[in-house]
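Trainee: Before we start, here is the structure in question, set down as structure tokens.
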Amino acid sequence: MADVTEPRTVKEIFEKMPSRFNADAAKGMDAVIQFNLTGDDAGQYHAIIKDGKLEVKDGVHPSPKMTMTMAGKDYVDLTLGKLNGQMAFMQGKLKIAGDMGLAMKMQTLFKNA
């Protein structure tokens with residue numbers, strides 16, 4: 001039976017990220033997104049998007065195209081669709097460094113968990 005439970009932790013979200021990836025939206029892309037998550041459910045991960053493929057790794061990438069920083073709990077809520085990304089950004093819960101265009105494309109690259 002397929003696992004249909006909602007992810008509840010940052011680690012679970014990154015483990016399931018490849019199954020939520022929209023390869024069609026990533027055609028022709030070559031980018032690295034760094035995720036710096038803080039607080040109780042902290043972690044550092046990066047997603048390498050190249051030629052319609054996704055690779056997720058633990059840790060810090062030396063030269064990401066974009067870096068997203070937020071509390072782990074807020075990232076879980078964002079991924080589950082309980083927190084709006086634009087609102088989180090305006091409220092200071094979500095910080096973006098680097099390519100803002102890539103940040104805007106995140107909703108098309110990944111389906112909600």
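Residues are referred to by chain and number: the chain letter is A, B, ... according to the order shown in the structure tokens, the number counts from 1 in that chain, and ligands are numbered separately from 1 in the order shown.
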Residues near stretch 29-36 of chain A, anyone? I mean within 6 Å using only C-alpha atoms, not counting same-chain ones fewer than 3 positions away, as a list in words.
Mentor: Ala26, Gln44, Tyr45, His46, Ala47, Ile48, Ile49, Lys50, Asp51, Pro64, Lys65, Met66, Thr67, Met68 and Thr69 of chain A
Trainee: Take the residues from that selection and write them out as a PDB file, in the first residue's frame, keeping N, CA, C and O atoms.
Mentor:
```pdb
ATOM      1  N   ALA A  26      10.864  21.873 -14.970  1.00  0.00           N
ATOM      2  CA  ALA A  26      12.307  22.055 -14.783  1.00  0.00           C
ATOM      3  C   ALA A  26      13.115  21.831 -16.063  1.00  0.00           C
ATOM      4  O   ALA A  26      14.340  21.881 -16.019  1.00  0.00           O
ATOM      5  N   GLN A  44      19.893  21.453   7.029  1.00  0.00           N
ATOM      6  CA  GLN A  44      20.422  22.106   5.842  1.00  0.00           C
ATOM      7  C   GLN A  44      20.448  21.078   4.725  1.00  0.00           C
ATOM      8  O   GLN A  44      21.005  19.990   4.881  1.00  0.00           O
ATOM      9  N   TYR A  45      19.818  21.443   3.611  1.00  0.00           N
ATOM     10  CA  TYR A  45      19.712  20.567   2.454  1.00  0.00           C
ATOM     11  C   TYR A  45      19.907  21.408   1.206  1.00  0.00           C
ATOM     12  O   TYR A  45      19.742  22.627   1.240  1.00  0.00           O
ATOM     13  N   HIS A  46      20.227  20.746   0.112  1.00  0.00           N
ATOM     14  CA  HIS A  46      20.205  21.452  -1.164  1.00  0.00           C
ATOM     15  C   HIS A  46      19.629  20.548  -2.242  1.00  0.00           C
ATOM     16  O   HIS A  46      19.754  19.328  -2.183  1.00  0.00           O
ATOM     17  N   ALA A  47      18.952  21.208  -3.183  1.00  0.00           N
ATOM     18  CA  ALA A  47      18.321  20.517  -4.303  1.00  0.00           C
ATOM     19  C   ALA A  47      19.048  20.937  -5.574  1.00  0.00           C
ATOM     20  O   ALA A  47      19.159  22.130  -5.861  1.00  0.00           O
ATOM     21  N   ILE A  48      19.538  19.948  -6.305  1.00  0.00           N
ATOM     22  CA  ILE A  48      20.221  20.196  -7.567  1.00  0.00           C
ATOM     23  C   ILE A  48      19.239  19.858  -8.682  1.00  0.00           C
ATOM     24  O   ILE A  48      18.783  18.716  -8.789  1.00  0.00           O
ATOM     25  N   ILE A  49      18.901  20.871  -9.478  1.00  0.00           N
ATOM     26  CA  ILE A  49      17.958  20.695 -10.581  1.00  0.00           C
ATOM     27  C   ILE A  49      18.734  20.886 -11.874  1.00  0.00           C
ATOM     28  O   ILE A  49      19.317  21.946 -12.104  1.00  0.00           O
ATOM     29  N   LYS A  50      18.755  19.828 -12.680  1.00  0.00           N
ATOM     30  CA  LYS A  50      19.496  19.909 -13.938  1.00  0.00           C
ATOM     31  C   LYS A  50      18.842  18.992 -14.966  1.00  0.00           C
ATOM     32  O   LYS A  50      18.608  17.822 -14.694  1.00  0.00           O
ATOM     33  N   ASP A  51      18.551  19.557 -16.130  1.00  0.00           N
ATOM     34  CA  ASP A  51      17.997  18.786 -17.248  1.00  0.00           C
ATOM     35  C   ASP A  51      16.740  18.000 -16.858  1.00  0.00           C
ATOM     36  O   ASP A  51      16.595  16.831 -17.207  1.00  0.00           O
ATOM     37  N   PRO A  64      25.049  27.920  -4.347  1.00  0.00           N
ATOM     38  CA  PRO A  64      23.652  27.812  -4.773  1.00  0.00           C
ATOM     39  C   PRO A  64      23.224  29.034  -5.590  1.00  0.00           C
ATOM     40  O   PRO A  64      23.775  30.123  -5.429  1.00  0.00           O
ATOM     41  N   LYS A  65      22.245  28.837  -6.446  1.00  0.00           N
ATOM     42  CA  LYS A  65      21.676  29.940  -7.223  1.00  0.00           C
ATOM     43  C   LYS A  65      20.705  30.741  -6.354  1.00  0.00           C
ATOM     44  O   LYS A  65      20.526  31.933  -6.541  1.00  0.00           O
ATOM     45  N   MET A  66      20.089  30.045  -5.385  1.00  0.00           N
ATOM     46  CA  MET A  66      19.159  30.683  -4.468  1.00  0.00           C
ATOM     47  C   MET A  66      19.246  30.001  -3.109  1.00  0.00           C
ATOM     48  O   MET A  66      19.436  28.793  -3.043  1.00  0.00           O
ATOM     49  N   THR A  67      19.123  30.789  -2.045  1.00  0.00           N
ATOM     50  CA  THR A  67      19.100  30.243  -0.686  1.00  0.00           C
ATOM     51  C   THR A  67      17.809  30.673  -0.006  1.00  0.00           C
ATOM     52  O   THR A  67      17.449  31.847  -0.014  1.00  0.00           O
ATOM     53  N   MET A  68      17.118  29.681   0.559  1.00  0.00           N
ATOM     54  CA  MET A  68      15.872  29.906   1.290  1.00  0.00           C
ATOM     55  C   MET A  68      16.153  29.632   2.764  1.00  0.00           C
ATOM     56  O   MET A  68      16.663  28.568   3.106  1.00  0.00           O
ATOM     57  N   THR A  69      15.823  30.605   3.623  1.00  0.00           N
ATOM     58  CA  THR A  69      16.030  30.452   5.055  1.00  0.00           C
ATOM     59  C   THR A  69      14.705  30.679   5.771  1.00  0.00           C
ATOM     60  O   THR A  69      14.035  31.687   5.521  1.00  0.00           O
TER      61      THR A  69
END
```
Trainee: Tell me, as a PDB file with N, CA, C and O atoms, in the first residue's frame, which residues lie within 12 Å of A:Pro18, counting only C-alpha atoms; anything in the same chain fewer than 4 positions away does not count.
Mentor:
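The file below, selection-v1.pdb, is the result:
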```
ATOM      1  N   GLU A  12      11.380  14.250   6.512  1.00  0.00           N
ATOM      2  CA  GLU A  12      10.394  13.535   5.676  1.00  0.00           C
ATOM      3  C   GLU A  12      10.098  14.305   4.391  1.00  0.00           C
ATOM      4  O   GLU A  12       9.943  13.712   3.324  1.00  0.00           O
ATOM      5  N   ILE A  13      10.010  15.628   4.488  1.00  0.00           N
ATOM      6  CA  ILE A  13       9.732  16.440   3.298  1.00  0.00           C
ATOM      7  C   ILE A  13      10.849  16.280   2.271  1.00  0.00           C
ATOM      8  O   ILE A  13      10.591  16.090   1.087  1.00  0.00           O
ATOM      9  N   PHE A  14      12.088  16.330   2.724  1.00  0.00           N
ATOM     10  CA  PHE A  14      13.197  16.201   1.775  1.00  0.00           C
ATOM     11  C   PHE A  14      13.324  14.777   1.236  1.00  0.00           C
ATOM     12  O   PHE A  14      13.725  14.584   0.096  1.00  0.00           O
ATOM     13  N   ASN A  22       8.208  18.345 -10.282  1.00  0.00           N
ATOM     14  CA  ASN A  22       7.575  18.465 -11.592  1.00  0.00           C
ATOM     15  C   ASN A  22       8.684  18.610 -12.641  1.00  0.00           C
ATOM     16  O   ASN A  22       9.170  19.719 -12.896  1.00  0.00           O
ATOM     17  N   ALA A  23       9.085  17.495 -13.235  1.00  0.00           N
ATOM     18  CA  ALA A  23      10.189  17.486 -14.193  1.00  0.00           C
ATOM     19  C   ALA A  23       9.909  18.359 -15.412  1.00  0.00           C
ATOM     20  O   ALA A  23      10.813  19.006 -15.944  1.00  0.00           O
ATOM     21  N   ALA A  47      18.952  21.208  -3.183  1.00  0.00           N
ATOM     22  CA  ALA A  47      18.321  20.517  -4.303  1.00  0.00           C
ATOM     23  C   ALA A  47      19.048  20.937  -5.574  1.00  0.00           C
ATOM     24  O   ALA A  47      19.159  22.130  -5.861  1.00  0.00           O
ATOM     25  N   ILE A  48      19.538  19.948  -6.305  1.00  0.00           N
ATOM     26  CA  ILE A  48      20.221  20.196  -7.567  1.00  0.00           C
ATOM     27  C   ILE A  48      19.239  19.858  -8.682  1.00  0.00           C
ATOM     28  O   ILE A  48      18.783  18.716  -8.789  1.00  0.00           O
ATOM     29  N   ILE A  49      18.901  20.871  -9.478  1.00  0.00           N
ATOM     30  CA  ILE A  49      17.958  20.695 -10.581  1.00  0.00           C
ATOM     31  C   ILE A  49      18.734  20.886 -11.874  1.00  0.00           C
ATOM     32  O   ILE A  49      19.317  21.946 -12.104  1.00  0.00           O
ATOM     33  N   GLY A  52      15.851  18.622 -16.092  1.00  0.00           N
ATOM     34  CA  GLY A  52      14.601  17.978 -15.723  1.00  0.00           C
ATOM     35  C   GLY A  52      14.733  16.914 -14.649  1.00  0.00           C
ATOM     36  O   GLY A  52      13.805  16.154 -14.395  1.00  0.00           O
ATOM     37  N   LYS A  53      15.890  16.852 -13.983  1.00  0.00           N
ATOM     38  CA  LYS A  53      16.112  15.868 -12.918  1.00  0.00           C
ATOM     39  C   LYS A  53      16.397  16.593 -11.604  1.00  0.00           C
ATOM     40  O   LYS A  53      16.907  17.709 -11.594  1.00  0.00           O
ATOM     41  N   LEU A  54      16.084  15.924 -10.511  1.00  0.00           N
ATOM     42  CA  LEU A  54      16.286  16.481  -9.176  1.00  0.00           C
ATOM     43  C   LEU A  54      17.133  15.539  -8.348  1.00  0.00           C
ATOM     44  O   LEU A  54      16.905  14.326  -8.326  1.00  0.00           O
ATOM     45  N   GLU A  55      18.101  16.111  -7.662  1.00  0.00           N
ATOM     46  CA  GLU A  55      18.899  15.364  -6.704  1.00  0.00           C
ATOM     47  C   GLU A  55      18.890  16.166  -5.401  1.00  0.00           C
ATOM     48  O   GLU A  55      19.170  17.367  -5.411  1.00  0.00           O
ATOM     49  N   VAL A  56      18.521  15.526  -4.300  1.00  0.00           N
ATOM     50  CA  VAL A  56      18.454  16.195  -2.998  1.00  0.00           C
ATOM     51  C   VAL A  56      19.573  15.655  -2.129  1.00  0.00           C
ATOM     52  O   VAL A  56      19.764  14.446  -2.031  1.00  0.00           O
ATOM     53  N   LYS A  57      20.317  16.577  -1.495  1.00  0.00           N
ATOM     54  CA  LYS A  57      21.446  16.165  -0.651  1.00  0.00           C
ATOM     55  C   LYS A  57      21.410  16.923   0.669  1.00  0.00           C
ATOM     56  O   LYS A  57      20.916  18.044   0.733  1.00  0.00           O
ATOM     57  N   LEU A 109       7.652  24.032  -9.532  1.00  0.00           N
ATOM     58  CA  LEU A 109       8.637  22.941  -9.504  1.00  0.00           C
ATOM     59  C   LEU A 109       8.236  21.817  -8.553  1.00  0.00           C
ATOM     60  O   LEU A 109       8.588  20.661  -8.785  1.00  0.00           O
ATOM     61  N   PHE A 110       7.524  22.162  -7.481  1.00  0.00           N
ATOM     62  CA  PHE A 110       7.171  21.168  -6.454  1.00  0.00           C
ATOM     63  C   PHE A 110       5.696  21.251  -6.116  1.00  0.00           C
ATOM     64  O   PHE A 110       5.183  22.307  -5.813  1.00  0.00           O
ATOM     65  N   LYS A 111       5.024  20.086  -6.166  1.00  0.00           N
ATOM     66  CA  LYS A 111       3.634  20.015  -5.745  1.00  0.00           C
ATOM     67  C   LYS A 111       3.589  19.986  -4.225  1.00  0.00           C
ATOM     68  O   LYS A 111       4.524  19.512  -3.581  1.00  0.00           O
ATOM     69  N   ASN A 112       2.496  20.471  -3.646  1.00  0.00           N
ATOM     70  CA  ASN A 112       2.342  20.390  -2.198  1.00  0.00           C
ATOM     71  C   ASN A 112       2.386  18.929  -1.753  1.00  0.00           C
ATOM     72  O   ASN A 112       1.960  18.048  -2.487  1.00  0.00           O
ATOM     73  N   ALA A 113       2.907  18.718  -0.567  1.00  0.00           N
ATOM     74  CA  ALA A 113       3.022  17.352  -0.031  1.00  0.00           C
ATOM     75  C   ALA A 113       1.656  16.760   0.233  1.00  0.00           C
ATOM     76  O   ALA A 113       0.691  17.449   0.380  1.00  0.00           O
TER      77      ALA A 113
END
```
Trainee: At a cut-off of 10 Å, using only C-alpha atoms, what residues contact stretch 85-87 of chain A? Leave out same-chain residues fewer than 3 positions from it and give the result as a list in words.
Mentor: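 So, after excluding close chain neighbours, the residues are Asp74, Tyr75, Asp77, Leu78, Thr79, Gly81, Lys82, Met90, Gln91, Gly92, Lys93, Leu94, Ala103, Met104, Met106 and Gln107 of chain A.
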Trainee: Take the residues from that selection and write them out as a short mmCIF file (atom, residue, chain, number, x, y, z; two decimals), in the first residue's frame, keeping N, CA and C atoms.
Mentor:
```
data_model
loop_
_atom_site.label_atom_id
_atom_site.label_comp_id
_atom_site.auth_asym_id
_atom_site.auth_seq_id
_atom_site.Cartn_x
_atom_site.Cartn_y
_atom_site.Cartn_z
N ASP A 74 7.81 26.27 9.93
CA ASP A 74 7.16 27.07 8.89
C ASP A 74 7.36 26.43 7.52
N TYR A 75 8.53 25.83 7.29
CA TYR A 75 8.77 25.16 6.00
C TYR A 75 7.83 23.96 5.82
N ASP A 77 4.84 23.71 7.13
CA ASP A 77 3.52 24.30 6.83
C ASP A 77 3.46 24.82 5.40
N LEU A 78 4.53 25.42 4.92
CA LEU A 78 4.59 25.92 3.54
C LEU A 78 4.43 24.77 2.55
N THR A 79 5.13 23.68 2.80
CA THR A 79 5.10 22.52 1.92
C THR A 79 3.72 21.85 1.91
N GLY A 81 0.96 23.42 2.26
CA GLY A 81 -0.04 24.37 1.78
C GLY A 81 -0.76 25.10 2.90
N LYS A 82 -0.26 25.00 4.13
CA LYS A 82 -0.89 25.68 5.27
C LYS A 82 -0.35 27.10 5.45
N MET A 90 6.61 38.26 3.12
CA MET A 90 6.27 39.62 3.56
C MET A 90 6.30 39.75 5.08
N GLN A 91 6.00 38.66 5.78
CA GLN A 91 6.00 38.68 7.25
C GLN A 91 7.40 38.44 7.82
N GLY A 92 8.39 38.19 6.95
CA GLY A 92 9.75 37.96 7.40
C GLY A 92 10.01 36.54 7.87
N LYS A 93 9.04 35.64 7.68
CA LYS A 93 9.23 34.23 8.07
C LYS A 93 10.08 33.49 7.05
N LEU A 94 10.13 34.01 5.82
CA LEU A 94 10.86 33.38 4.73
C LEU A 94 11.83 34.41 4.16
N ALA A 103 12.89 31.65 -6.97
CA ALA A 103 12.00 31.55 -5.81
C ALA A 103 10.54 31.56 -6.26
N MET A 104 10.22 32.43 -7.22
CA MET A 104 8.85 32.52 -7.72
C MET A 104 8.43 31.23 -8.45
N MET A 106 9.25 28.19 -7.60
CA MET A 106 9.21 27.03 -6.69
C MET A 106 7.84 26.34 -6.68
N GLN A 107 6.75 27.11 -6.74
CA GLN A 107 5.41 26.51 -6.70
C GLN A 107 5.17 25.60 -7.90
#
```
Trainee: Figure out the distance between atom CA of A:Lys73 and atom CA of A:Leu37, please, to one decimal in Å.
Mentor: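 Between atom CA of A:Leu37 and atom CA of A:Lys73 the gap is 8.6 Å.
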Trainee: Would you return as a count of residues only the members of chain A that DSSP assigns to alpha helix (DSSP H) on this structure's backbone?
Mentor: 35
Trainee: Calculated over only C-alpha atoms, which of the candidates A:Ala25, A:Ala97, A:Ala71, A:Met17 has the smallest distance to A:Thr38?
Mentor: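 Looking only at the distances to A:Thr38, the closest residue turns out to be A:Ala71.
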Trainee: DSSP on the backbone, strand (DSSP E or B) only: what residues of chain A does that give? Format it as number ranges by chain.
Mentor: A: 21, 30-38, 43-50, 53-58, 66-71, 94-98, 110
Trainee: One decimal, in Å: what's the spacing between atom CA of A:Asp58 and atom CA of A:Glu15?
Mentor: 10.4 Å
Trainee: Please, what distance in Å, to one decimal, runs between atom CA of A:Ala42 and atom CA of A:Thr5?
Mentor: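 One can read the atom CA of A:Ala42 to atom CA of A:Thr5 distance as 21.0 Å.
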